[in-house]
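Enquirer: See final36.pdb below, with PDB, C-alpha atoms.
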```pdb
ATOM      1  CA  MET O   1      41.313-214.107 -90.582
ATOM      2  CA  LYS O   2      41.875-211.407 -87.970
ATOM      3  CA  HIS O   3      43.501-207.972 -88.128
ATOM      4  CA  PHE O   4      45.006-205.910 -85.285
ATOM      5  CA  LEU O   5      44.051-202.338 -86.152
ATOM      6  CA  GLU O   6      42.961-201.171 -82.688
ATOM      7  CA  PHE O   7      43.554-202.542 -79.195
ATOM      8  CA  LYS O   8      39.841-203.344 -78.871
ATOM      9  CA  ASP O   9      40.004-205.677 -81.888
ATOM     10  CA  PHE O  10      41.071-208.437 -79.481
ATOM     11  CA  SER O  11      39.160-209.629 -76.442
ATOM     12  CA  ARG O  12      40.580-209.742 -72.930
ATOM     13  CA  GLU O  13      41.113-213.486 -73.347
ATOM     14  CA  GLU O  14      43.067-212.942 -76.558
ATOM     15  CA  HIS O  15      45.256-210.276 -74.977
ATOM     16  CA  GLU O  16      45.964-212.508 -71.999
ATOM     17  CA  HIS O  17      46.950-215.274 -74.421
ATOM     18  CA  LEU O  18      49.367-212.839 -76.100
ATOM     19  CA  PHE O  19      50.900-211.938 -72.725
ATOM     20  CA  THR O  20      51.381-215.614 -71.914
ATOM     21  CA  ARG O  21      52.990-216.272 -75.282
ATOM     22  CA  THR O  22      55.150-213.158 -74.985
ATOM     23  CA  LYS O  23      56.596-214.422 -71.711
ATOM     24  CA  ILE O  24      57.419-217.774 -73.336
ATOM     25  CA  LEU O  25      58.926-216.239 -76.479
ATOM     26  CA  LYS O  26      60.988-213.774 -74.475
ATOM     27  CA  HIS O  27      62.345-216.616 -72.307
ATOM     28  CA  ARG O  28      63.365-218.530 -75.424
ATOM     29  CA  PHE O  29      65.045-215.442 -76.876
ATOM     30  CA  LYS O  30      66.983-214.757 -73.676
ATOM     31  CA  ASN O  31      68.151-218.373 -73.455
ATOM     32  CA  TYR O  32      69.060-218.802 -77.140
ATOM     33  CA  ILE O  33      66.396-221.464 -77.657
ATOM     34  CA  PRO O  34      65.528-221.542 -81.392
ATOM     35  CA  TYR O  35      61.850-221.265 -82.238
ATOM     36  CA  GLN O  36      60.926-220.698 -85.865
ATOM     37  CA  PRO O  37      57.275-221.547 -86.539
ATOM     38  CA  LEU O  38      57.033-218.939 -89.336
ATOM     39  CA  THR O  39      59.687-220.389 -91.633
ATOM     40  CA  ASP O  40      59.206-219.098 -95.197
ATOM     41  CA  ARG O  41      56.530-216.610 -94.075
ATOM     42  CA  MET O  42      56.911-213.055 -95.373
ATOM     43  CA  LEU O  43      56.035-209.798 -93.604
ATOM     44  CA  ALA O  44      55.564-206.623 -95.661
ATOM     45  CA  MET O  45      56.273-203.459 -93.643
ATOM     46  CA  VAL O  46      54.716-200.332 -95.150
ATOM     47  CA  PHE O  47      56.055-197.033 -93.776
ATOM     48  CA  GLU O  48      54.512-193.675 -94.548
ATOM     49  CA  LYS O  49      55.824-192.364 -91.203
ATOM     50  CA  SER O  50      59.443-192.678 -90.111
ATOM     51  CA  SER O  51      60.308-195.290 -87.513
ATOM     52  CA  THR O  52      63.075-196.747 -85.379
ATOM     53  CA  ARG O  53      61.511-199.095 -82.808
ATOM     54  CA  THR O  54      58.657-200.257 -85.037
ATOM     55  CA  ARG O  55      60.919-201.219 -87.916
ATOM     56  CA  VAL O  56      63.617-202.902 -85.842
ATOM     57  CA  SER O  57      61.184-204.807 -83.618
ATOM     58  CA  PHE O  58      59.056-206.148 -86.485
ATOM     59  CA  GLU O  59      62.010-206.947 -88.742
ATOM     60  CA  ALA O  60      63.979-208.678 -85.992
ATOM     61  CA  GLY O  61      60.838-210.374 -84.713
ATOM     62  CA  ILE O  62      59.793-212.006 -87.970
ATOM     63  CA  TYR O  63      63.401-213.095 -88.560
ATOM     64  CA  GLN O  64      63.616-214.696 -85.121
ATOM     65  CA  LEU O  65      60.401-216.605 -85.889
ATOM     66  CA  GLY O  66      61.908-217.945 -89.109
ATOM     67  CA  GLY O  67      60.391-215.526 -91.603
ATOM     68  CA  GLN O  68      61.585-212.498 -93.528
ATOM     69  CA  ALA O  69      60.546-208.870 -93.931
ATOM     70  CA  ILE O  70      60.246-206.509 -96.888
ATOM     71  CA  ASN O  71      60.509-202.796 -96.118
ATOM     72  CA  LEU O  72      58.329-200.514 -98.266
ATOM     73  CA  ASP O  73      57.946-196.735 -98.121
ATOM     74  CA  SER O  74      56.102-194.110-100.115
ATOM     75  CA  GLN O  75      59.306-192.863-101.778
ATOM     76  CA  SER O  76      60.238-196.227-103.294
ATOM     77  CA  THR O  77      56.800-197.627-104.138
ATOM     78  CA  GLN O  78      53.700-196.640-106.078
ATOM     79  CA  LEU O  79      52.152-195.391-102.820
ATOM     80  CA  GLY O  80      54.112-192.213-103.410
ATOM     81  CA  ARG O  81      52.557-191.878-106.871
ATOM     82  CA  SER O  82      48.961-191.934-105.642
ATOM     83  CA  GLU O  83      48.138-195.574-106.331
ATOM     84  CA  PRO O  84      44.850-196.262-104.502
ATOM     85  CA  ILE O  85      45.545-198.037-101.246
ATOM     86  CA  GLU O  86      42.890-200.602-102.147
ATOM     87  CA  ASP O  87      44.926-201.598-105.222
ATOM     88  CA  THR O  88      48.132-201.736-103.193
ATOM     89  CA  ALA O  89      46.419-204.008-100.669
ATOM     90  CA  ARG O  90      45.139-206.376-103.342
ATOM     91  CA  VAL O  91      48.605-206.743-104.848
ATOM     92  CA  ILE O  92      50.814-206.894-101.757
ATOM     93  CA  SER O  93      48.543-209.328 -99.919
ATOM     94  CA  ARG O  94      48.833-211.818-102.807
ATOM     95  CA  MET O  95      52.604-211.928-102.352
ATOM     96  CA  VAL O  96      53.141-211.945 -98.571
ATOM     97  CA  ASP O  97      51.642-213.571 -95.483
ATOM     98  CA  LEU O  98      51.292-210.564 -93.188
ATOM     99  CA  VAL O  99      51.320-206.767 -93.489
ATOM    100  CA  MET O 100      52.272-204.087 -90.953
ATOM    101  CA  ILE O 101      51.437-200.468 -91.796
ATOM    102  CA  ARG O 102      52.685-197.284 -90.106
ATOM    103  CA  THR O 103      50.855-194.322 -91.581
ATOM    104  CA  PHE O 104      48.789-191.204 -90.918
ATOM    105  CA  GLU O 105      44.997-191.661 -90.975
ATOM    106  CA  GLN O 106      43.446-194.736 -89.351
ATOM    107  CA  GLU O 107      41.152-194.895 -92.366
ATOM    108  CA  LYS O 108      44.117-195.915 -94.541
ATOM    109  CA  VAL O 109      44.846-198.969 -92.405
ATOM    110  CA  GLU O 110      41.170-199.912 -92.403
ATOM    111  CA  ARG O 111      40.853-199.558 -96.176
ATOM    112  CA  PHE O 112      43.980-201.656 -96.662
ATOM    113  CA  ALA O 113      42.682-204.371 -94.321
ATOM    114  CA  GLU O 114      39.298-204.415 -96.053
ATOM    115  CA  HIS O 115      40.980-205.368 -99.346
ATOM    116  CA  SER O 116      43.756-207.560 -97.944
ATOM    117  CA  ARG O 117      43.878-211.335 -98.205
ATOM    118  CA  VAL O 118      46.235-211.560 -95.206
ATOM    119  CA  PRO O 119      46.230-210.177 -91.629
ATOM    120  CA  VAL O 120      47.074-206.488 -91.224
ATOM    121  CA  ILE O 121      48.718-204.890 -88.174
ATOM    122  CA  ASN O 122      48.532-201.222 -87.270
ATOM    123  CA  GLY O 123      52.126-200.132 -86.581
ATOM    124  CA  LEU O 124      50.909-196.597 -85.717
ATOM    125  CA  THR O 125      48.367-194.111 -87.020
ATOM    126  CA  ASN O 126      47.360-190.614 -85.951
ATOM    127  CA  GLU O 127      44.495-192.132 -83.980
ATOM    128  CA  TYR O 128      45.901-195.315 -82.388
ATOM    129  CA  HIS O 129      49.123-197.132 -81.481
ATOM    130  CA  PRO O 130      47.977-200.605 -80.338
ATOM    131  CA  CYS O 131      51.340-202.399 -80.576
ATOM    132  CA  GLN O 132      52.958-199.892 -78.212
ATOM    133  CA  VAL O 133      50.231-200.179 -75.579
ATOM    134  CA  LEU O 134      50.366-203.969 -75.954
ATOM    135  CA  ALA O 135      54.057-203.763 -75.014
ATOM    136  CA  ASP O 136      53.361-201.298 -72.200
ATOM    137  CA  VAL O 137      50.712-203.471 -70.584
ATOM    138  CA  PHE O 138      52.896-206.560 -70.896
ATOM    139  CA  THR O 139      55.736-204.659 -69.233
ATOM    140  CA  PHE O 140      53.480-203.918 -66.263
ATOM    141  CA  VAL O 141      52.259-207.527 -66.126
ATOM    142  CA  GLU O 142      55.864-208.739 -66.243
ATOM    143  CA  GLN O 143      56.962-206.358 -63.466
ATOM    144  CA  ARG O 144      53.897-206.157 -61.204
ATOM    145  CA  GLY O 145      51.275-208.742 -62.212
ATOM    146  CA  SER O 146      47.734-208.192 -63.464
ATOM    147  CA  ILE O 147      46.785-204.664 -64.520
ATOM    148  CA  SER O 148      43.111-205.270 -63.734
ATOM    149  CA  GLY O 149      41.852-202.809 -61.123
ATOM    150  CA  LYS O 150      44.983-200.642 -61.325
ATOM    151  CA  THR O 151      45.298-196.962 -62.317
ATOM    152  CA  VAL O 152      47.256-195.579 -65.261
ATOM    153  CA  ALA O 153      47.996-191.838 -65.336
ATOM    154  CA  TRP O 154      48.493-190.289 -68.761
ATOM    155  CA  ILE O 155      50.155-186.875 -68.540
ATOM    156  CA  GLY O 156      50.286-184.588 -71.570
ATOM    157  CA  ASP O 157      48.813-184.501 -75.048
ATOM    158  CA  ALA O 158      45.632-186.416 -75.868
ATOM    159  CA  ASN O 159      47.252-188.246 -78.765
ATOM    160  CA  ASN O 160      47.065-191.722 -80.310
ATOM    161  CA  MET O 161      48.625-193.284 -77.202
ATOM    162  CA  SER O 162      46.025-191.858 -74.815
ATOM    163  CA  TYR O 163      43.128-193.075 -76.955
ATOM    164  CA  THR O 164      44.694-196.530 -77.169
ATOM    165  CA  TRP O 165      45.186-196.592 -73.390
ATOM    166  CA  LEU O 166      41.474-195.887 -73.020
ATOM    167  CA  GLN O 167      40.621-198.856 -75.232
ATOM    168  CA  ALA O 168      42.974-201.006 -73.162
ATOM    169  CA  ALA O 169      41.279-199.836 -69.945
ATOM    170  CA  ARG O 170      37.930-201.033 -71.255
ATOM    171  CA  VAL O 171      39.248-204.383 -72.458
ATOM    172  CA  LEU O 172      41.435-205.164 -69.421
ATOM    173  CA  ASP O 173      39.373-203.444 -66.708
ATOM    174  CA  PHE O 174      41.591-200.734 -65.240
ATOM    175  CA  LYS O 175      41.217-196.997 -64.638
ATOM    176  CA  LEU O 176      42.767-194.313 -66.844
ATOM    177  CA  HIS O 177      43.535-190.834 -65.489
ATOM    178  CA  VAL O 178      44.247-188.259 -68.196
ATOM    179  CA  ALA O 179      45.687-184.803 -67.474
ATOM    180  CA  THR O 180      46.016-182.349 -70.365
ATOM    181  CA  PRO O 181      46.287-178.572 -70.706
ATOM    182  CA  ALA O 182      43.232-176.574 -71.735
ATOM    183  CA  GLY O 183      42.584-177.031 -75.435
ATOM    184  CA  TYR O 184      44.327-180.403 -75.650
ATOM    185  CA  ALA O 185      41.796-182.644 -73.899
ATOM    186  CA  MET O 186      40.490-185.955 -75.184
ATOM    187  CA  LYS O 187      37.384-185.825 -77.370
ATOM    188  CA  SER O 188      34.975-188.387 -78.718
ATOM    189  CA  GLN O 189      36.828-189.983 -81.610
ATOM    190  CA  ARG O 190      35.626-191.881 -84.655
ATOM    191  CA  GLY O 191      32.128-192.258 -83.231
ATOM    192  CA  GLU O 192      33.313-193.527 -79.849
ATOM    193  CA  GLN O 193      32.102-191.735 -76.745
ATOM    194  CA  LEU O 194      34.576-191.211 -73.913
ATOM    195  CA  ASP O 195      33.738-193.930 -71.381
ATOM    196  CA  THR O 196      33.681-192.368 -67.925
ATOM    197  CA  GLN O 197      33.433-195.805 -66.333
ATOM    198  CA  TYR O 198      37.140-196.229 -67.110
ATOM    199  CA  LEU O 199      38.251-192.610 -67.655
ATOM    200  CA  GLU O 200      38.739-189.720 -65.257
ATOM    201  CA  VAL O 201      39.880-186.370 -66.657
ATOM    202  CA  PHE O 202      42.066-183.862 -64.792
ATOM    203  CA  THR O 203      43.479-180.405 -65.418
ATOM    204  CA  ASP O 204      46.045-180.844 -62.626
ATOM    205  CA  PRO O 205      48.655-183.513 -63.514
ATOM    206  CA  MET O 206      49.563-183.989 -59.834
ATOM    207  CA  GLN O 207      46.004-185.045 -59.094
ATOM    208  CA  ALA O 208      46.002-187.422 -62.059
ATOM    209  CA  ALA O 209      49.215-189.066 -60.860
ATOM    210  CA  LYS O 210      48.044-189.457 -57.271
ATOM    211  CA  GLY O 211      48.012-193.167 -56.360
ATOM    212  CA  ALA O 212      48.717-194.269 -59.957
ATOM    213  CA  HIS O 213      50.424-197.598 -60.647
ATOM    214  CA  ILE O 214      51.758-196.373 -64.002
ATOM    215  CA  VAL O 215      52.658-192.802 -64.896
ATOM    216  CA  THR O 216      53.206-192.421 -68.623
ATOM    217  CA  THR O 217      53.626-189.651 -71.146
ATOM    218  CA  ASP O 218      54.787-188.859 -74.679
ATOM    219  CA  VAL O 219      56.374-185.993 -76.574
ATOM    220  CA  TRP O 220      54.372-182.781 -76.508
ATOM    221  CA  THR O 221      54.486-182.494 -80.301
ATOM    222  CA  SER O 222      53.638-185.643 -82.224
ATOM    223  CA  MET O 223      54.589-186.277 -85.852
ATOM    224  CA  GLY O 224      52.578-184.051 -88.148
ATOM    225  CA  PHE O 225      52.145-181.242 -85.595
ATOM    226  CA  GLU O 226      55.641-179.744 -85.778
ATOM    227  CA  ALA O 227      54.276-176.307 -86.719
ATOM    228  CA  GLU O 228      52.688-176.128 -83.250
ATOM    229  CA  THR O 229      55.914-176.876 -81.340
ATOM    230  CA  GLU O 230      56.473-173.486 -79.702
ATOM    231  CA  ASN O 231      52.828-173.027 -78.723
ATOM    232  CA  ARG O 232      52.759-176.536 -77.282
ATOM    233  CA  LYS O 233      55.899-175.949 -75.211
ATOM    234  CA  LYS O 234      54.144-173.037 -73.519
ATOM    235  CA  ALA O 235      50.861-174.889 -73.019
ATOM    236  CA  PHE O 236      52.503-178.023 -71.613
ATOM    237  CA  ALA O 237      55.096-176.307 -69.409
ATOM    238  CA  ASP O 238      53.429-177.546 -66.184
ATOM    239  CA  PHE O 239      52.921-181.086 -67.491
ATOM    240  CA  SER O 240      56.462-182.428 -67.218
ATOM    241  CA  VAL O 241      56.746-185.696 -65.282
ATOM    242  CA  ASP O 242      59.271-185.060 -62.524
ATOM    243  CA  ALA O 243      60.300-186.597 -59.194
ATOM    244  CA  GLU O 244      57.658-184.623 -57.313
ATOM    245  CA  MET O 245      54.910-186.035 -59.518
ATOM    246  CA  MET O 246      56.216-189.587 -59.210
ATOM    247  CA  ALA O 247      56.295-189.189 -55.412
ATOM    248  CA  VAL O 248      52.492-188.811 -55.190
ATOM    249  CA  ALA O 249      51.888-192.001 -57.189
ATOM    250  CA  ASP O 250      51.698-195.520 -55.740
ATOM    251  CA  LYS O 251      54.864-196.618 -53.906
ATOM    252  CA  ASP O 252      55.468-199.282 -56.579
ATOM    253  CA  VAL O 253      54.696-197.006 -59.539
ATOM    254  CA  LEU O 254      56.361-197.561 -62.903
ATOM    255  CA  PHE O 255      57.226-194.764 -65.323
ATOM    256  CA  MET O 256      56.711-195.463 -69.037
ATOM    257  CA  HIS O 257      57.379-193.565 -72.246
ATOM    258  CA  CYS O 258      56.975-194.891 -75.792
ATOM    259  CA  LEU O 259      60.121-192.977 -76.940
ATOM    260  CA  PRO O 260      61.817-191.018 -78.363
ATOM    261  CA  ALA O 261      61.887-188.806 -75.265
ATOM    262  CA  HIS O 262      62.722-185.128 -74.978
ATOM    263  CA  ARG O 263      64.524-184.880 -71.645
ATOM    264  CA  GLY O 264      63.620-181.691 -69.833
ATOM    265  CA  GLU O 265      60.286-181.345 -71.628
ATOM    266  CA  GLU O 266      57.648-184.053 -71.034
ATOM    267  CA  VAL O 267      59.932-185.895 -68.567
ATOM    268  CA  THR O 268      62.987-184.991 -66.531
ATOM    269  CA  GLU O 269      66.296-186.810 -66.887
ATOM    270  CA  GLU O 270      65.997-187.868 -63.236
ATOM    271  CA  VAL O 271      62.732-189.749 -63.855
ATOM    272  CA  LEU O 272      63.617-191.179 -67.269
ATOM    273  CA  GLU O 273      66.858-192.666 -65.961
ATOM    274  CA  GLY O 274      65.600-193.335 -62.434
ATOM    275  CA  PRO O 275      64.709-196.579 -60.620
ATOM    276  CA  GLN O 276      60.973-196.276 -61.326
ATOM    277  CA  SER O 277      61.551-196.082 -65.092
ATOM    278  CA  VAL O 278      61.025-199.173 -67.257
ATOM    279  CA  VAL O 279      61.297-197.402 -70.607
ATOM    280  CA  TRP O 280      64.126-199.620 -71.884
ATOM    281  CA  GLU O 281      62.343-202.840 -70.886
ATOM    282  CA  GLU O 282      59.187-201.382 -72.454
ATOM    283  CA  ALA O 283      61.056-200.697 -75.710
ATOM    284  CA  GLU O 284      62.512-204.210 -75.814
ATOM    285  CA  ASN O 285      59.112-205.727 -75.164
ATOM    286  CA  ARG O 286      57.850-204.334 -78.465
ATOM    287  CA  LEU O 287      59.942-207.113 -80.035
ATOM    288  CA  HIS O 288      58.468-209.875 -77.925
ATOM    289  CA  VAL O 289      54.775-208.883 -77.923
ATOM    290  CA  GLN O 290      54.870-208.422 -81.691
ATOM    291  CA  LYS O 291      56.328-211.894 -82.123
ATOM    292  CA  ALA O 292      53.410-213.252 -80.097
ATOM    293  CA  LEU O 293      51.022-211.137 -82.175
ATOM    294  CA  MET O 294      52.401-212.356 -85.517
ATOM    295  CA  GLU O 295      52.365-215.954 -84.302
ATOM    296  CA  TYR O 296      48.722-215.615 -83.237
ATOM    297  CA  LEU O 297      47.556-213.916 -86.436
ATOM    298  CA  LEU O 298      49.181-216.574 -88.639
ATOM    299  CA  LEU O 299      48.898-219.748 -86.556
ATOM    300  CA  GLY O 300      46.155-219.114 -84.012
ATOM    301  CA  LYS O 301      46.544-220.127 -80.387
ATOM    302  CA  ILE O 302      49.742-222.027 -79.672
ATOM    303  CA  ASN O 303      50.140-223.570 -76.227
ATOM    304  CA  SER O 304      53.571-225.136 -76.440
TER     305      SER O 304
END
```
Would you write out, as structure tokens, the structure that this file holds?
Expert:
Amino acid sequence: MKHFLEFKDFSREEHEHLFTRTKILKHRFKNYIPYQPLTDRMLAMVFEKSSTRTRVSFEAGIYQLGGQAINLDSQSTQLGRSEPIEDTARVISRMVDLVMIRTFEQEKVERFAEHSRVPVINGLTNEYHPCQVLADVFTFVEQRGSISGKTVAWIGDANNMSYTWLQAARVLDFKLHVATPAGYAMKSQRGEQLDTQYLEVFTDPMQAAKGAHIVTTDVWTSMGFEAETENRKKAFADFSVDAEMMAVADKDVLFMHCLPAHRGEEVTEEVLEGPQSVVWEEAENRLHVQKALMEYLLLGKINS
């Protein structure tokens, strides 16, 4: 039994298998070709953080594969009454086939997985967002081919997305440029040292974007840091992705954003809605990569 708690939990070969399957599953979806290998399988979705794309993509995805989803949150379950997460894991995993959790600390997902009898997927934590980066990389593969040897420029806060991009760079062999304001730089996290073989750090976002094949960013204030909003707006004022920044990137650069976006802050309207932007394709691809992920976790490698 495997879990998908961090991007590095899967090998390069496994990720490439998921990209292959995603392409096939997306083609079937677009052409109304039924494919329901997970008939009668049940996905439990546990939300301690609010969600739009994660909930819709997982719920629609399991339904399209023939299964069903149960939506659980801390307000309507014993999680909100301090039941130990280990006990919750033991109970829920006896009743369903797969669990997706969107929560705060990565430790919670790990503790749940340790006591689960079924595969567990990280739908987002403070530390990592592997499903989003899985969709982002697939979007590049779909649009431009292999990401190996390419450069991804991350502009803005060193948040869960940036740390997941760094894991992806190691697994898939590409370079990550990270530009953050002073005081918001990446740090060694959870015992992992920052790997300079795949990471280059910048204070100037224009230098980070130079020659990049992907320029990507996120909101300046992630969930849980709302009290810092005004200070962050001042610190990140020079880190907005605009047309000038995109112009120094590779001629075939793609702009990505995991959404929701704050137009006029981390990205301009011109870039978000411009021809280099693939944010809507990226959002849709959450559906398709997660179908491939659920198929793999429950059925193993399928080649048909």
Enquirer: Identify which of the residues O:Thr151, O:Ser277, O:Gln64, O:Asn126 lies closest to O:Glu48, counting only C-alpha atoms when measuring atom-to-atom distances.
Expert: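 Ranking O:Thr151, O:Ser277, O:Gln64, O:Asn126 by distance to O:Glu48, first place goes to O:Asn126.
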Enquirer: To test your reading of the syntax: which residues would the PyMOL selection byres ((chain O and resi 87-90) around 12) return for the file shown? Reply as a ChimeraX atom specification.
Expert: /O:44,46,72,74,77-86,91-96,98-101,108-120
Enquirer: Generate a file of the selected residues that holds C-alpha atoms, formatted as a PDB file, in the coordinates of the input.
Expert:
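The result, written out as again12.pdb:
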```
ATOM      1  CA  ALA O  44      55.564-206.623 -95.661  1.00  0.00           C
ATOM      2  CA  VAL O  46      54.716-200.332 -95.150  1.00  0.00           C
ATOM      3  CA  LEU O  72      58.329-200.514 -98.266  1.00  0.00           C
ATOM      4  CA  SER O  74      56.102-194.110-100.115  1.00  0.00           C
ATOM      5  CA  THR O  77      56.800-197.627-104.138  1.00  0.00           C
ATOM      6  CA  GLN O  78      53.700-196.640-106.078  1.00  0.00           C
ATOM      7  CA  LEU O  79      52.152-195.391-102.820  1.00  0.00           C
ATOM      8  CA  GLY O  80      54.112-192.213-103.410  1.00  0.00           C
ATOM      9  CA  ARG O  81      52.557-191.878-106.871  1.00  0.00           C
ATOM     10  CA  SER O  82      48.961-191.934-105.642  1.00  0.00           C
ATOM     11  CA  GLU O  83      48.138-195.574-106.331  1.00  0.00           C
ATOM     12  CA  PRO O  84      44.850-196.262-104.502  1.00  0.00           C
ATOM     13  CA  ILE O  85      45.545-198.037-101.246  1.00  0.00           C
ATOM     14  CA  GLU O  86      42.890-200.602-102.147  1.00  0.00           C
ATOM     15  CA  VAL O  91      48.605-206.743-104.848  1.00  0.00           C
ATOM     16  CA  ILE O  92      50.814-206.894-101.757  1.00  0.00           C
ATOM     17  CA  SER O  93      48.543-209.328 -99.919  1.00  0.00           C
ATOM     18  CA  ARG O  94      48.833-211.818-102.807  1.00  0.00           C
ATOM     19  CA  MET O  95      52.604-211.928-102.352  1.00  0.00           C
ATOM     20  CA  VAL O  96      53.141-211.945 -98.571  1.00  0.00           C
ATOM     21  CA  LEU O  98      51.292-210.564 -93.188  1.00  0.00           C
ATOM     22  CA  VAL O  99      51.320-206.767 -93.489  1.00  0.00           C
ATOM     23  CA  MET O 100      52.272-204.087 -90.953  1.00  0.00           C
ATOM     24  CA  ILE O 101      51.437-200.468 -91.796  1.00  0.00           C
ATOM     25  CA  LYS O 108      44.117-195.915 -94.541  1.00  0.00           C
ATOM     26  CA  VAL O 109      44.846-198.969 -92.405  1.00  0.00           C
ATOM     27  CA  GLU O 110      41.170-199.912 -92.403  1.00  0.00           C
ATOM     28  CA  ARG O 111      40.853-199.558 -96.176  1.00  0.00           C
ATOM     29  CA  PHE O 112      43.980-201.656 -96.662  1.00  0.00           C
ATOM     30  CA  ALA O 113      42.682-204.371 -94.321  1.00  0.00           C
ATOM     31  CA  GLU O 114      39.298-204.415 -96.053  1.00  0.00           C
ATOM     32  CA  HIS O 115      40.980-205.368 -99.346  1.00  0.00           C
ATOM     33  CA  SER O 116      43.756-207.560 -97.944  1.00  0.00           C
ATOM     34  CA  ARG O 117      43.878-211.335 -98.205  1.00  0.00           C
ATOM     35  CA  VAL O 118      46.235-211.560 -95.206  1.00  0.00           C
ATOM     36  CA  PRO O 119      46.230-210.177 -91.629  1.00  0.00           C
ATOM     37  CA  VAL O 120      47.074-206.488 -91.224  1.00  0.00           C
TER      38      VAL O 120
END
```
Enquirer: Please evaluate the PyMOL selection byres ((chain O and resi 11-13) around 10) against the structure above and give the resulting residues as a compact mmCIF listing (two decimals) with C-alpha atoms, keeping the file's coordinate frame.
Expert:
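Final output, saved to selection38.txt:
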```txt
# COMPACT_ATOMS: atom_id res chain seq x y z
CA PHE O 7 43.55 -202.54 -79.19
CA LYS O 8 39.84 -203.34 -78.87
CA ASP O 9 40.00 -205.68 -81.89
CA PHE O 10 41.07 -208.44 -79.48
CA GLU O 14 43.07 -212.94 -76.56
CA HIS O 15 45.26 -210.28 -74.98
CA GLU O 16 45.96 -212.51 -72.00
CA HIS O 17 46.95 -215.27 -74.42
CA LEU O 18 49.37 -212.84 -76.10
CA PHE O 19 50.90 -211.94 -72.72
CA ALA O 168 42.97 -201.01 -73.16
CA ARG O 170 37.93 -201.03 -71.26
CA VAL O 171 39.25 -204.38 -72.46
CA LEU O 172 41.44 -205.16 -69.42
CA ASP O 173 39.37 -203.44 -66.71
```
Enquirer: Name every residue that the PyMOL selection byres ((chain O and resi 104) around 6) selects in this structure, writing the answer as a count of residues only with chains first and numbers rising.
Expert: 4
Enquirer: Leaving out O:Pro34 and any residue of its chain fewer than 2 positions from it, which residues lie within 10 Å of it when counting only C-alpha atoms, given as a short mmCIF file (atom, residue, chain, number, x, y, z; two decimals) with C-alpha atoms, in the frame of the given file?
Expert:
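Dumped everything to result_26.cif:
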```cif
data_model
loop_
_atom_site.label_atom_id
_atom_site.label_comp_id
_atom_site.auth_asym_id
_atom_site.auth_seq_id
_atom_site.Cartn_x
_atom_site.Cartn_y
_atom_site.Cartn_z
CA LEU O 25 58.93 -216.24 -76.48
CA ARG O 28 63.36 -218.53 -75.42
CA PHE O 29 65.04 -215.44 -76.88
CA ASN O 31 68.15 -218.37 -73.46
CA TYR O 32 69.06 -218.80 -77.14
CA GLN O 36 60.93 -220.70 -85.86
CA PRO O 37 57.28 -221.55 -86.54
CA GLN O 64 63.62 -214.70 -85.12
CA LEU O 65 60.40 -216.60 -85.89
CA GLY O 66 61.91 -217.94 -89.11
#
```
Enquirer: Could you check the closest approach to O:Pro181 for each of O:Phe239, O:Thr196, O:Ser148, O:Gln167 and tell me which residue wins, using only C-alpha atoms?
Expert: O:Phe239
Enquirer: Which residues are close to stretch 134-138 of chain O, i.e. within 6 Å by all atoms listed in the file, leaving aside same-chain residues fewer than 3 positions away? Reply as a ChimeraX atom specification.
Expert: /O:131,141-142,282,285-286,289
Enquirer: May I ask for the distance between atom CA of O:Trp154 and atom CA of O:Arg21, given in Å to one decimal place?
Expert: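 Calculated distance between atom CA of O:Trp154 and atom CA of O:Arg21 is 27.2 Å.
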Enquirer: Fewer than 3 positions away in the same chain doesn't count, so skip those; otherwise give me all residues within 10 Å of stretch 245-261 of chain O, counting only C-alpha atoms, as a short mmCIF file (atom, residue, chain, number, x, y, z; two decimals) with C-alpha atoms, keeping the file's coordinate frame.
Expert:
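File out25.cif, as written:
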```cif
data_model
loop_
_atom_site.label_atom_id
_atom_site.label_comp_id
_atom_site.auth_asym_id
_atom_site.auth_seq_id
_atom_site.Cartn_x
_atom_site.Cartn_y
_atom_site.Cartn_z
CA THR O 52 63.08 -196.75 -85.38
CA ARG O 53 61.51 -199.10 -82.81
CA HIS O 129 49.12 -197.13 -81.48
CA GLN O 132 52.96 -199.89 -78.21
CA VAL O 133 50.23 -200.18 -75.58
CA ALA O 135 54.06 -203.76 -75.01
CA ASP O 136 53.36 -201.30 -72.20
CA THR O 139 55.74 -204.66 -69.23
CA PHE O 140 53.48 -203.92 -66.26
CA GLN O 143 56.96 -206.36 -63.47
CA ARG O 144 53.90 -206.16 -61.20
CA THR O 151 45.30 -196.96 -62.32
CA VAL O 152 47.26 -195.58 -65.26
CA ALA O 153 48.00 -191.84 -65.34
CA TRP O 154 48.49 -190.29 -68.76
CA MET O 161 48.62 -193.28 -77.20
CA PRO O 205 48.66 -183.51 -63.51
CA MET O 206 49.56 -183.99 -59.83
CA GLN O 207 46.00 -185.04 -59.09
CA ALA O 208 46.00 -187.42 -62.06
CA ALA O 209 49.22 -189.07 -60.86
CA LYS O 210 48.04 -189.46 -57.27
CA GLY O 211 48.01 -193.17 -56.36
CA ALA O 212 48.72 -194.27 -59.96
CA HIS O 213 50.42 -197.60 -60.65
CA ILE O 214 51.76 -196.37 -64.00
CA VAL O 215 52.66 -192.80 -64.90
CA THR O 216 53.21 -192.42 -68.62
CA THR O 217 53.63 -189.65 -71.15
CA ASP O 218 54.79 -188.86 -74.68
CA VAL O 219 56.37 -185.99 -76.57
CA TRP O 220 54.37 -182.78 -76.51
CA PHE O 239 52.92 -181.09 -67.49
CA SER O 240 56.46 -182.43 -67.22
CA VAL O 241 56.75 -185.70 -65.28
CA ASP O 242 59.27 -185.06 -62.52
CA GLY O 264 63.62 -181.69 -69.83
CA GLU O 265 60.29 -181.34 -71.63
CA GLU O 266 57.65 -184.05 -71.03
CA VAL O 267 59.93 -185.90 -68.57
CA THR O 268 62.99 -184.99 -66.53
CA GLU O 269 66.30 -186.81 -66.89
CA VAL O 271 62.73 -189.75 -63.86
CA LEU O 272 63.62 -191.18 -67.27
CA GLU O 273 66.86 -192.67 -65.96
CA GLY O 274 65.60 -193.34 -62.43
CA PRO O 275 64.71 -196.58 -60.62
CA GLN O 276 60.97 -196.28 -61.33
CA SER O 277 61.55 -196.08 -65.09
CA VAL O 278 61.02 -199.17 -67.26
CA VAL O 279 61.30 -197.40 -70.61
CA TRP O 280 64.13 -199.62 -71.88
CA GLU O 281 62.34 -202.84 -70.89
CA GLU O 282 59.19 -201.38 -72.45
CA ALA O 283 61.06 -200.70 -75.71
CA ARG O 286 57.85 -204.33 -78.46
#
```
